[in-house]
Structures are given as C-alpha cells and as structure tokens.
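Asker: Just passing along the structure, written as structure tokens.
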Amino acid sequence: MEGKTACAATAATLAAVALAVKFSSGFPLKTLDLRSFWKSKRALDKDGDYVGVHRNILCVSSLVELVSDPGSGAISTFSGTTRDNFDGKEVVRLEYEGYIPMALKELKKICSEIRTKWDVRQIAIEHRLGLCPVMEASVIIAVSSAHRKESLKAVEFAINRLKEAVPIWKKEVYGGGDKATWKENSEFKYNRK
C-alpha cells in the first residue's frame, strides 16, 4: 500500500503546488501539469523509448503520462506486483538485484525489437531493484500506439523478453520462519541447456 500512497501523494502534492502558484500569482498556469513533471524526471530518448532500473517506487500513471501523445489511440500497460503467497508459503516481500548497465542495454534491445515487429509510438519499461513489499510493482511496461492491437502485443512481448534476457534476480522472503529463496527464472536465456 505504501507504493500506491507514495505515487498518489506525489501527484496530490504537485497538483496542490500548481494550484497554490496559480492562485498566488493571479493568473492561470499552463498547468504545472503532472505530465511535464513526470516527463522531466523520466525522458524518452530519440527513438521514443524510456528504460529505467532503480530502487525507487514505480508508478503506472507516470509511465502512462510519459508515453501519451495526441497520435495515440491506445496505451497498454503491464504492472508486475508482489503477491502475498507462493506454493503455500506466505510471501512478505521480494528483493531484487541486478546488473544495471547490462539490464538497461537489454531493455533498450527489447524496445528496438518491438519497433521491428509492431507500429508503436512510445515505449517505457521500468524495473525496481531492492525491497518490493506485497502489492507494490517491481516492473511496469507502457506502450502507446495508434491502435490497441499493436500496443497489447508489444506489452506481452516486452514482459516475456524481459524475463528471458534482462539480468535482474529475485529473492522471495517468506513469513512464518520459512527460509528466503532466490528464484530461478526458467525463461532466462543463460539458464537454458
């Protein structure tokens, strides 16, 4: 719940700042709108892609805003969240580690692959490292396109390819005295024999 609260609190704070500036200055702002704020924190590259790997809370709405544009009739998203159970055990959190330079390179490759397969406008992929409590997102993907079919297929492809190729590892931490376990991603290409 903390992630949702932090994301909503940030949006509410920005909206309050925009209103305060608007009323104190006596003229309407061209909205110190959330889109401008989020885009200033996360920028699309020359291809219209954004990839990020970091320890911050992830926020779906920020990536949706990032990939939004007037020519998009569809924005599809995937949000991978921590569930509270696995194989009959209580999961209290996930912990992620990754090799950031290679992860960013692989995420950018995924964006390039998507662009060869589907006609999409903007792509944003973000993965969290460190602690990820139950109900918080560890990965978010947002893709915009003129029509829904392309963005839906691109999002599914992106999460599947991420699991195969991106060097990020997950540890499940359990309640009830069960030992924490590093989870092998069976799709990861280096695990194949």
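Chain identifiers are assigned as A, B, and so on, following the order in which chains appear in the structure tokens; residues are numbered from 1 within each chain, and ligands are numbered from 1 in order of appearance.
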Could you list, as a PyMOL selection string, every residue within 9 Å of Leu94 of chain A, counting only C-alpha atoms and ignoring same-chain residues fewer than 5 positions away?
Answerer: chain A and resi 82+130-134+138+170-174
Asker: Considering only C-alpha atoms, return as JSON, numbers by chain whatever protein or nucleic-acid residues lie within 7 Å of Glu150 of chain A, sequence-local ones (same chain, fewer than 5 positions apart) excluded.
Answerer: {"A": [118, 119, 120, 145]}
Asker: At a cut-off of 8 Å, can you tabulate as a tab-separated table every residue of segment 39-110 of chain A near segment 160-165 of chain A together with its closest atom pair and the distance in Å to one decimal, using only C-alpha atoms and ordering rows by chain then number?
Answerer:
residue	atom	partner	partner_atom	distance
A:Glu106	CA	A:Ala165	CA	6.6
A:Leu107	CA	A:Leu162	CA	7.0
A:Ile110	CA	A:Arg161	CA	6.9
Asker: If you keep C-alpha atoms, can you produce a file of those selected residues as a PDB file, in the first residue's frame?
Answerer:
ATOM      1  CA  GLU A 106      18.866  -5.400 -22.716  1.00  0.00           C
ATOM      2  CA  LEU A 107      15.750  -3.296 -22.050  1.00  0.00           C
ATOM      3  CA  ILE A 110      13.612  -5.076 -26.242  1.00  0.00           C
TER       4      ILE A 110
END
Asker: Name the closest residue to Lys46 of chain A among the candidates A:Phe86, A:Arg121, A:Pro70, A:Tyr99; distances are taken between atoms, counting only C-alpha atoms.
Answerer: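 Once distances to Lys46 of chain A are computed over only C-alpha atoms, the minimum belongs to A:Arg121.
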Asker: Atom CA of Asp47 of chain A and atom CA of Ser72 of chain A, how far apart in Å?
Answerer: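 One can read the atom CA of Ser72 of chain A to atom CA of Asp47 of chain A distance as 15.6 Å.
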Asker: Find the residue from A:Ala146, A:Ala180, A:Ile125, A:Ala43 that sits nearest to Leu104 of chain A; use only C-alpha atoms when measuring.
Answerer: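 The closest residue to Leu104 of chain A is A:Ile125.
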Asker: Could you tell me how far atom CA of Pro101 of chain A lies from atom CA of Ala137 of chain A, in Å and to one decimal?
Answerer: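 Answer for the atom CA of Pro101 of chain A to atom CA of Ala137 of chain A separation: 21.2 Å.
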Asker: Of the candidates A:Ala124, A:Leu129, A:Val67, A:Val91, which shows the shortest atom-to-atom distance to Trp169 of chain A, using only C-alpha atoms?
Answerer: A:Leu129
Asker: Between atom CA of Arg115 of chain A and atom CA of Lys149 of chain A, what is the distance, to one decimal in Å?
Answerer: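 Computed distance, atom CA of Arg115 of chain A to atom CA of Lys149 of chain A, equals 13.8 Å.
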Asker: Can you check which residues of segment 122-171 of chain A DSSP gives as strand (DSSP E or B) on the backbone and send them as a ChimeraX atom specification?
Answerer: /A:122-128,130-133,137-145,168-171
Asker: Could you name the residues that touch Met102 of chain A at 12 Å or less, counting only C-alpha atoms, but leaving out those on the same chain fewer than 4 positions away, as a list in words?
Answerer: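 With the cut-off at 12 Å, the set is Val51, Gly52, Val53, Gly98, Glu106, Leu107, Lys108, Lys109, Ala165, Val166, Pro167 and Ile168 of chain A.
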Asker: Take the residues just selected and output them with N, CA, C and O atoms as a PDB file, in the first residue's frame.
Answerer:
ATOM      1  N   VAL A  51      13.858   3.569 -20.681  1.00  0.00           N
ATOM      2  CA  VAL A  51      14.111   2.381 -19.868  1.00  0.00           C
ATOM      3  C   VAL A  51      14.757   2.835 -18.571  1.00  0.00           C
ATOM      4  O   VAL A  51      15.578   3.748 -18.556  1.00  0.00           O
ATOM      5  N   GLY A  52      14.361   2.202 -17.479  1.00  0.00           N
ATOM      6  CA  GLY A  52      14.919   2.555 -16.181  1.00  0.00           C
ATOM      7  C   GLY A  52      15.022   1.348 -15.269  1.00  0.00           C
ATOM      8  O   GLY A  52      14.147   0.480 -15.283  1.00  0.00           O
ATOM      9  N   VAL A  53      16.089   1.307 -14.503  1.00  0.00           N
ATOM     10  CA  VAL A  53      16.291   0.283 -13.474  1.00  0.00           C
ATOM     11  C   VAL A  53      16.822   1.027 -12.261  1.00  0.00           C
ATOM     12  O   VAL A  53      17.879   1.662 -12.335  1.00  0.00           O
ATOM     13  N   GLY A  98      20.335  -6.595  -9.564  1.00  0.00           N
ATOM     14  CA  GLY A  98      20.553  -6.625 -10.999  1.00  0.00           C
ATOM     15  C   GLY A  98      21.865  -5.975 -11.377  1.00  0.00           C
ATOM     16  O   GLY A  98      22.453  -5.219 -10.603  1.00  0.00           O
ATOM     17  N   GLU A 106      19.826  -4.377 -22.298  1.00  0.00           N
ATOM     18  CA  GLU A 106      18.866  -5.400 -22.716  1.00  0.00           C
ATOM     19  C   GLU A 106      17.455  -4.823 -22.845  1.00  0.00           C
ATOM     20  O   GLU A 106      16.714  -5.183 -23.758  1.00  0.00           O
ATOM     21  N   LEU A 107      17.072  -3.931 -21.950  1.00  0.00           N
ATOM     22  CA  LEU A 107      15.750  -3.296 -22.050  1.00  0.00           C
ATOM     23  C   LEU A 107      15.645  -2.460 -23.320  1.00  0.00           C
ATOM     24  O   LEU A 107      14.610  -2.460 -23.992  1.00  0.00           O
ATOM     25  N   LYS A 108      16.705  -1.756 -23.658  1.00  0.00           N
ATOM     26  CA  LYS A 108      16.705  -0.964 -24.889  1.00  0.00           C
ATOM     27  C   LYS A 108      16.611  -1.886 -26.110  1.00  0.00           C
ATOM     28  O   LYS A 108      15.924  -1.560 -27.090  1.00  0.00           O
ATOM     29  N   LYS A 109      17.273  -3.046 -26.057  1.00  0.00           N
ATOM     30  CA  LYS A 109      17.156  -4.023 -27.151  1.00  0.00           C
ATOM     31  C   LYS A 109      15.708  -4.481 -27.316  1.00  0.00           C
ATOM     32  O   LYS A 109      15.233  -4.674 -28.426  1.00  0.00           O
ATOM     33  N   ALA A 165      15.827 -12.200 -20.908  1.00  0.00           N
ATOM     34  CA  ALA A 165      17.108 -11.588 -21.251  1.00  0.00           C
ATOM     35  C   ALA A 165      17.697 -10.595 -20.260  1.00  0.00           C
ATOM     36  O   ALA A 165      18.885 -10.309 -20.324  1.00  0.00           O
ATOM     37  N   VAL A 166      16.912 -10.056 -19.379  1.00  0.00           N
ATOM     38  CA  VAL A 166      17.407  -8.963 -18.530  1.00  0.00           C
ATOM     39  C   VAL A 166      17.988  -9.525 -17.231  1.00  0.00           C
ATOM     40  O   VAL A 166      17.322 -10.274 -16.514  1.00  0.00           O
ATOM     41  N   PRO A 167      19.244  -9.163 -16.909  1.00  0.00           N
ATOM     42  CA  PRO A 167      19.915  -9.706 -15.724  1.00  0.00           C
ATOM     43  C   PRO A 167      19.457  -9.042 -14.415  1.00  0.00           C
ATOM     44  O   PRO A 167      20.141  -8.209 -13.829  1.00  0.00           O
ATOM     45  N   ILE A 168      18.255  -9.439 -14.009  1.00  0.00           N
ATOM     46  CA  ILE A 168      17.692  -8.997 -12.727  1.00  0.00           C
ATOM     47  C   ILE A 168      17.226 -10.259 -12.011  1.00  0.00           C
ATOM     48  O   ILE A 168      16.549 -11.097 -12.605  1.00  0.00           O
TER      49      ILE A 168
END
Asker: Would you list, as a ChimeraX atom specification, the residues of segment 14-185 of chain A that end up in alpha helix (DSSP H) under DSSP run on this structure's backbone?
Answerer: /A:14-25,34-41,60-67,100-117,148-165
